[in-house]
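Quick notes on the structure that follows.
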Amino acid sequence: MPALGRTSLAAPGPAPYTDDDLRGELVAAKERLAVAMADGAVAQRRVLDAVLEQVGGSKFGAAHGLAGVRSVDAFRDAVPLRAYGEYDAWLARAAEGEPGVLTRREPKLFFTTSGSTGARKRIPVTEDFVRQVYVPYFRAAMGVPAAYFPEVFSLGAATLNLRHDRLARPDTTGSGRPSLGPSQADLRGGFGVALVEPGSRAPWAEPPVELNERAYLDKLYVRLRMAVEHDVRCVIGHNPALVAMVPELLAEWWPQILRDVRDGTFRGLPGGVANPGRAAELERCGPEPSAVWPRMRLLYCWTSGVASLYLPRLAERYGAGVAVLPAPAAASEGPVGVPVDDHPAAGVLAVSSALYEFVDAADDVRPDSPTLLWHEVEPGRDYHVVFSHVGGLYRYVLGDVAHVVDRVGGVPRVTYAGRAEPSDAAGERLREAQVVRAVAEAARRTGLDVVNVTCRAEPDGPGAYRYAVAAAFGRAVASGDPVVADFAGVVDAELCRTSRTYRAARAAGRLGAARLLPVPAAAFVADWHRRVAGGMRPPEVKDRVFQRDSAGWELLTRNACGDGAG
């Protein structure tokens, strides 16, 4: 799932806007959200009323007969469930400038997704969405780290924010409206709000040298090159794959960083102040984050999915006792769960932000699929997420699966459980969460420390397939090591246990036993670079449970350590 925009509504007043001001606002926003969640039914009723008011008078509302609709049941009867593909015609009309297509207020810009499952999507952004949904939600989410780690959640150099990267000259739609990623958006002008985010006053927030604003890797280099001269104590990434790349990039760029710090340059170009003393310190300590930033306290990023496998080890690379708090579960299209405490992975359903419906994750979503409301879902189950909000998305099938962990004051607490599209080579219909849970169990039983993992169904004889799991571990694993077969065996057994369709495909001979391909961690680093070189921004390059990219799979497994058959 993608990271979203800046997070504070309050504009700096005549007095200097301080860290205490920022933290106070964020904690207050978290507390306001907790009050709203005290009565989920009332919160959802208010959202429904706001949605019906916004869609009233629009062409979408007229086409679906929504003028007289007042109840959630009538709303569900009138509007079919739609994924992006079925919604695209409506969104395209809005993007081309046709007035009143989805909402009373016209969108002022369009968010684009990272395109992780296909072409980039365009999501309308209205003033009502920004003010009623987007900003309150993300301010509340950041209230958790602000409350638990006030000394490191800072406007300045204590916080290295790798998520937000404003784009001054974005692409535009056919109607001339900006079209860009949420983490690139500067909402201050178009929506009349002043937005402040942790790390926004760090020296690297604005590059001191002229750069092509789309030279994303150069911009990331400048941030890290500058950050090594400061006492960073918190890293914000939202996308954990980017947080995981920081140690790798520091090691890769270390000789150049040392020269630039010593000489006050940026890849040899002038623009800084020479700091030979710090360069000497860095040369002695080496590029590990724990040595570069010995007072590091907090990583703030998504903690579920593949990241749940590697974050404990990654946090140790940043320092002993470094904590990890979950960033909010949200997509470019809108919010899902918002953390309200220090739970390691889950957030409470944002019942004051959107109207939520759910479909069992084991079922395909059809336009007429029966749905459950927020109070009807069960802890321990996985669900497709459907939401409606004032930004112009109505009964929108997000394409993500949420796992219900428990309830907080009656409201479900959920965590991201992967993309909804299954892997289905032989009728097995595997979901991402099932693979992650199987790998986690295999790691627990074998004691192997997972650095990263992906998998792919590959041919295994006439009319049959098997799953190959490419995984990097914290120690070298040779092809003849008995742990390879043990790991693969546990993965296969767990998939059989948790997936009825996988078990049936195995029993029918359509699937062979899963196998493990131990690969060097450098293979995943190389794949990250390949995707950035292909045009993705670093915050967009996400972990992938299912490797559907043949070129990526070839790169990852080229140096696999043997067959690893289970």
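Letters A, B, ... go to the chains of the structure tokens in the order shown; residues in each chain start at 1; ligands are counted from 1 in the same order.
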At a cut-off of 6 Å, using only C-alpha atoms, what residues contact Ala345 (chain A)? Leave out same-chain residues fewer than 6 positions from it and give the result as a ChimeraX atom specification. /A:303-304,326
Which region 372-464 of chain A residues have any atom within 9 Å of an atom of region 96-103 of chain A, and for each, what is the nearest pair of atoms with distance in Å to one decimal, counting only C-alpha atoms, rows sorted by chain and number, as a tab-separated table?
residue	atom	partner	partner_atom	distance
A:Val390	CA	A:Thr103	CA	7.7
A:Gly391	CA	A:Thr103	CA	7.2
A:Gly392	CA	A:Leu102	CA	5.2
A:Leu393	CA	A:Leu102	CA	7.8
Need to verify the contact set: Pro518 (chain A), 7 Å, only C-alpha atoms, exclusion of same-chain residues closer than 5 positions in sequence. Can you return it as an MDAnalysis selection string? chainID A and resid 470:472 477 560:561
With N, CA, C and O atoms retained, could you export that selection as a PDB file, in the first residue's frame?
ATOM      1  N   ALA A 470      12.129 -17.119  -3.631  1.00  0.00           N
ATOM      2  CA  ALA A 470      13.466 -16.520  -3.617  1.00  0.00           C
ATOM      3  C   ALA A 470      13.606 -15.688  -2.353  1.00  0.00           C
ATOM      4  O   ALA A 470      12.838 -14.745  -2.146  1.00  0.00           O
ATOM      5  N   ALA A 471      14.553 -16.063  -1.523  1.00  0.00           N
ATOM      6  CA  ALA A 471      14.701 -15.378  -0.237  1.00  0.00           C
ATOM      7  C   ALA A 471      16.170 -15.113   0.050  1.00  0.00           C
ATOM      8  O   ALA A 471      17.039 -15.941  -0.242  1.00  0.00           O
ATOM      9  N   ALA A 472      16.426 -13.946   0.620  1.00  0.00           N
ATOM     10  CA  ALA A 472      17.750 -13.606   1.140  1.00  0.00           C
ATOM     11  C   ALA A 472      17.693 -13.698   2.661  1.00  0.00           C
ATOM     12  O   ALA A 472      16.683 -13.327   3.277  1.00  0.00           O
ATOM     13  N   VAL A 477      23.465 -19.164   3.117  1.00  0.00           N
ATOM     14  CA  VAL A 477      22.775 -20.452   3.083  1.00  0.00           C
ATOM     15  C   VAL A 477      23.191 -21.165   1.806  1.00  0.00           C
ATOM     16  O   VAL A 477      22.869 -20.710   0.702  1.00  0.00           O
ATOM     17  N   ALA A 560      21.156 -17.631  -7.623  1.00  0.00           N
ATOM     18  CA  ALA A 560      20.580 -18.437  -6.555  1.00  0.00           C
ATOM     19  C   ALA A 560      21.552 -19.540  -6.152  1.00  0.00           C
ATOM     20  O   ALA A 560      22.277 -20.097  -6.980  1.00  0.00           O
ATOM     21  N   CYS A 561      21.522 -19.881  -4.874  1.00  0.00           N
ATOM     22  CA  CYS A 561      22.480 -20.850  -4.329  1.00  0.00           C
ATOM     23  C   CYS A 561      21.921 -22.266  -4.443  1.00  0.00           C
ATOM     24  O   CYS A 561      21.579 -22.906  -3.450  1.00  0.00           O
TER      25      CYS A 561
END
Please run DSSP on the backbone and report, as a VMD selection string, all residues within region 484-522 of chain A that come out as strand (DSSP E or B). chain A and resid 511 515 to 518
List as a PyMOL selection string the protein and nucleic acid residues near Gly461 (chain A), meaning an atom at most 12 Å away when only C-alpha atoms are counted, but skip any in the same chain fewer than 3 places from it. chain A and resi 458+464-466+509-512
With only C-alpha atoms as the counted atoms, please give the residues lying no more than 7 Å from Ser154 (chain A), apart from itself and same-chain residues fewer than 5 positions off, as a PDB file with all heavy atoms, in the first residue's frame.
ATOM      1  N   ASP A  19       8.942  22.921  17.494  1.00  0.00           N
ATOM      2  CA  ASP A  19       8.701  21.490  17.629  1.00  0.00           C
ATOM      3  C   ASP A  19       7.561  21.215  18.595  1.00  0.00           C
ATOM      4  O   ASP A  19       6.740  20.320  18.373  1.00  0.00           O
ATOM      5  CB  ASP A  19       9.967  20.789  18.128  1.00  0.00           C
ATOM      6  CG  ASP A  19      11.032  20.670  17.052  1.00  0.00           C
ATOM      7  OD1 ASP A  19      10.720  20.889  15.864  1.00  0.00           O
ATOM      8  OD2 ASP A  19      12.186  20.345  17.400  1.00  0.00           O
ATOM      9  N   THR A 159      15.005  14.634  12.518  1.00  0.00           N
ATOM     10  CA  THR A 159      14.128  13.758  11.739  1.00  0.00           C
ATOM     11  C   THR A 159      14.554  13.763  10.280  1.00  0.00           C
ATOM     12  O   THR A 159      14.589  14.806   9.630  1.00  0.00           O
ATOM     13  CB  THR A 159      12.664  14.216  11.850  1.00  0.00           C
ATOM     14  OG1 THR A 159      12.246  14.129  13.206  1.00  0.00           O
ATOM     15  CG2 THR A 159      11.765  13.349  10.995  1.00  0.00           C
ATOM     16  N   PRO A 198       7.092  16.742  10.085  1.00  0.00           N
ATOM     17  CA  PRO A 198       8.389  16.504  10.727  1.00  0.00           C
ATOM     18  C   PRO A 198       9.502  16.423   9.690  1.00  0.00           C
ATOM     19  O   PRO A 198       9.358  15.809   8.629  1.00  0.00           O
ATOM     20  CB  PRO A 198       8.175  15.162  11.437  1.00  0.00           C
ATOM     21  CG  PRO A 198       6.706  15.123  11.727  1.00  0.00           C
ATOM     22  CD  PRO A 198       6.057  15.793  10.554  1.00  0.00           C
ATOM     23  N   GLY A 199      10.619  17.051  10.016  1.00  0.00           N
ATOM     24  CA  GLY A 199      11.762  17.068   9.112  1.00  0.00           C
ATOM     25  C   GLY A 199      11.692  18.122   8.028  1.00  0.00           C
ATOM     26  O   GLY A 199      12.626  18.251   7.233  1.00  0.00           O
TER      27      GLY A 199
END
Quick one: residues within 9 Å of region 279-285 of chain A, only C-alpha atoms, excluding same-chain residues fewer than 2 positions away - as a list of chain:residue names?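 Here the answer would be A:Val228, A:Glu229, A:Trp254, A:Pro255, A:Ile257, A:Leu258, A:Arg259, A:Asp260, A:Val261, A:Arg262, A:Asp263, A:Asn275, A:Pro276, A:Gly277, A:Pro287, A:Glu288, A:Ala291, A:Val292.
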Would you pick out the contacts of Thr18 (chain A) at 12 Å or less, using only C-alpha atoms, so that residues sharing its chain but fewer than 6 positions from it are not included, and give the list as number ranges by chain? A: 10-12, 24-25, 153-156, 196-201
Can you write just those residues out, all heavy atoms, as a compact mmCIF listing (two decimals), in the first residue's frame?
# COMPACT_ATOMS: atom_id res chain seq x y z
N ALA A 10 -2.42 23.67 10.85
CA ALA A 10 -2.20 24.97 11.46
C ALA A 10 -1.05 25.71 10.80
O ALA A 10 0.04 25.18 10.66
CB ALA A 10 -1.92 24.81 12.95
N ALA A 11 -1.30 26.94 10.39
CA ALA A 11 -0.25 27.75 9.78
C ALA A 11 0.61 28.38 10.86
O ALA A 11 0.11 28.78 11.91
CB ALA A 11 -0.88 28.85 8.92
N PRO A 12 1.91 28.45 10.64
CA PRO A 12 2.76 29.15 11.60
C PRO A 12 2.28 30.59 11.78
O PRO A 12 2.04 31.30 10.81
CB PRO A 12 4.15 29.10 10.94
CG PRO A 12 4.08 27.90 10.03
CD PRO A 12 2.66 27.86 9.55
N GLY A 24 2.31 19.21 19.71
CA GLY A 24 1.03 19.46 20.38
C GLY A 24 -0.14 19.31 19.43
O GLY A 24 -1.18 18.73 19.78
N GLU A 25 0.01 19.82 18.22
CA GLU A 25 -1.07 19.70 17.23
C GLU A 25 -1.33 18.25 16.85
O GLU A 25 -2.47 17.81 16.73
CB GLU A 25 -0.71 20.49 15.97
CG GLU A 25 -0.83 21.98 16.13
CD GLU A 25 -0.60 22.70 14.81
OE1 GLU A 25 -0.30 22.01 13.81
OE2 GLU A 25 -0.73 23.92 14.78
N PHE A 153 10.80 13.48 17.30
CA PHE A 153 9.86 13.83 16.23
C PHE A 153 9.91 15.33 16.06
O PHE A 153 9.20 16.08 16.73
CB PHE A 153 8.46 13.33 16.60
CG PHE A 153 7.69 12.79 15.42
CD1 PHE A 153 8.19 11.76 14.67
CD2 PHE A 153 6.45 13.31 15.08
CE1 PHE A 153 7.49 11.24 13.60
CE2 PHE A 153 5.74 12.80 14.01
CZ PHE A 153 6.26 11.77 13.27
N SER A 154 10.74 15.79 15.14
CA SER A 154 11.17 17.18 15.11
C SER A 154 10.98 17.79 13.72
O SER A 154 10.97 17.09 12.71
CB SER A 154 12.65 17.25 15.51
OG SER A 154 13.25 18.46 15.12
N LEU A 155 10.86 19.11 13.67
CA LEU A 155 10.85 19.83 12.41
C LEU A 155 12.22 19.84 11.75
O LEU A 155 12.34 19.93 10.53
CB LEU A 155 10.40 21.28 12.64
CG LEU A 155 8.94 21.51 13.00
CD1 LEU A 155 8.76 22.91 13.56
CD2 LEU A 155 8.04 21.31 11.79
N GLY A 156 13.25 19.75 12.57
CA GLY A 156 14.61 19.96 12.08
C GLY A 156 15.36 18.68 11.80
O GLY A 156 14.80 17.64 11.45
N VAL A 196 2.71 21.50 7.56
CA VAL A 196 4.04 21.34 8.12
C VAL A 196 4.21 19.87 8.51
O VAL A 196 3.30 19.25 9.03
CB VAL A 196 4.24 22.23 9.36
CG1 VAL A 196 5.64 22.08 9.92
CG2 VAL A 196 3.96 23.68 9.02
N GLU A 197 5.37 19.33 8.24
CA GLU A 197 5.62 17.91 8.51
C GLU A 197 6.95 17.76 9.24
O GLU A 197 7.86 18.57 9.05
CB GLU A 197 5.67 17.15 7.19
CG GLU A 197 5.78 15.65 7.37
CD GLU A 197 5.57 14.90 6.08
OE1 GLU A 197 4.91 15.44 5.19
OE2 GLU A 197 6.08 13.78 5.97
N PRO A 198 7.09 16.74 10.08
CA PRO A 198 8.39 16.50 10.73
C PRO A 198 9.50 16.42 9.69
O PRO A 198 9.36 15.81 8.63
CB PRO A 198 8.17 15.16 11.44
CG PRO A 198 6.71 15.12 11.73
CD PRO A 198 6.06 15.79 10.55
N GLY A 199 10.62 17.05 10.02
CA GLY A 199 11.76 17.07 9.11
C GLY A 199 11.69 18.12 8.03
O GLY A 199 12.63 18.25 7.23
N SER A 200 10.62 18.91 8.00
CA SER A 200 10.45 19.87 6.90
C SER A 200 11.38 21.07 7.00
O SER A 200 11.50 21.84 6.05
CB SER A 200 9.00 20.35 6.85
OG SER A 200 8.63 20.99 8.07
N ARG A 201 12.05 21.25 8.15
CA ARG A 201 13.03 22.32 8.28
C ARG A 201 14.46 21.80 8.39
O ARG A 201 15.37 22.55 8.73
CB ARG A 201 12.70 23.18 9.50
CG ARG A 201 11.41 23.97 9.34
CD ARG A 201 11.17 24.88 10.51
NE ARG A 201 9.88 25.55 10.43
CZ ARG A 201 9.32 26.22 11.43
NH1 ARG A 201 9.95 26.31 12.59
NH2 ARG A 201 8.14 26.80 11.28
Let me make sure I understand: among A:Arg278, A:Arg475, A:Arg225, A:His64, which one has the smallest atom-to-atom distance to Asp77 (chain A) if we use only C-alpha atoms?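 Of the candidates, the smallest distance to Asp77 (chain A) is held by A:His64.
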Determine the nearest neighbour of Asp231 (chain A) from the options A:Ala505, A:Leu211, A:Val336, A:Ala202, counting only C-alpha atoms. A:Ala202
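The coordinates place CA of Val340 (chain A) at 11.2 Å from CA of Val35 (chain A).
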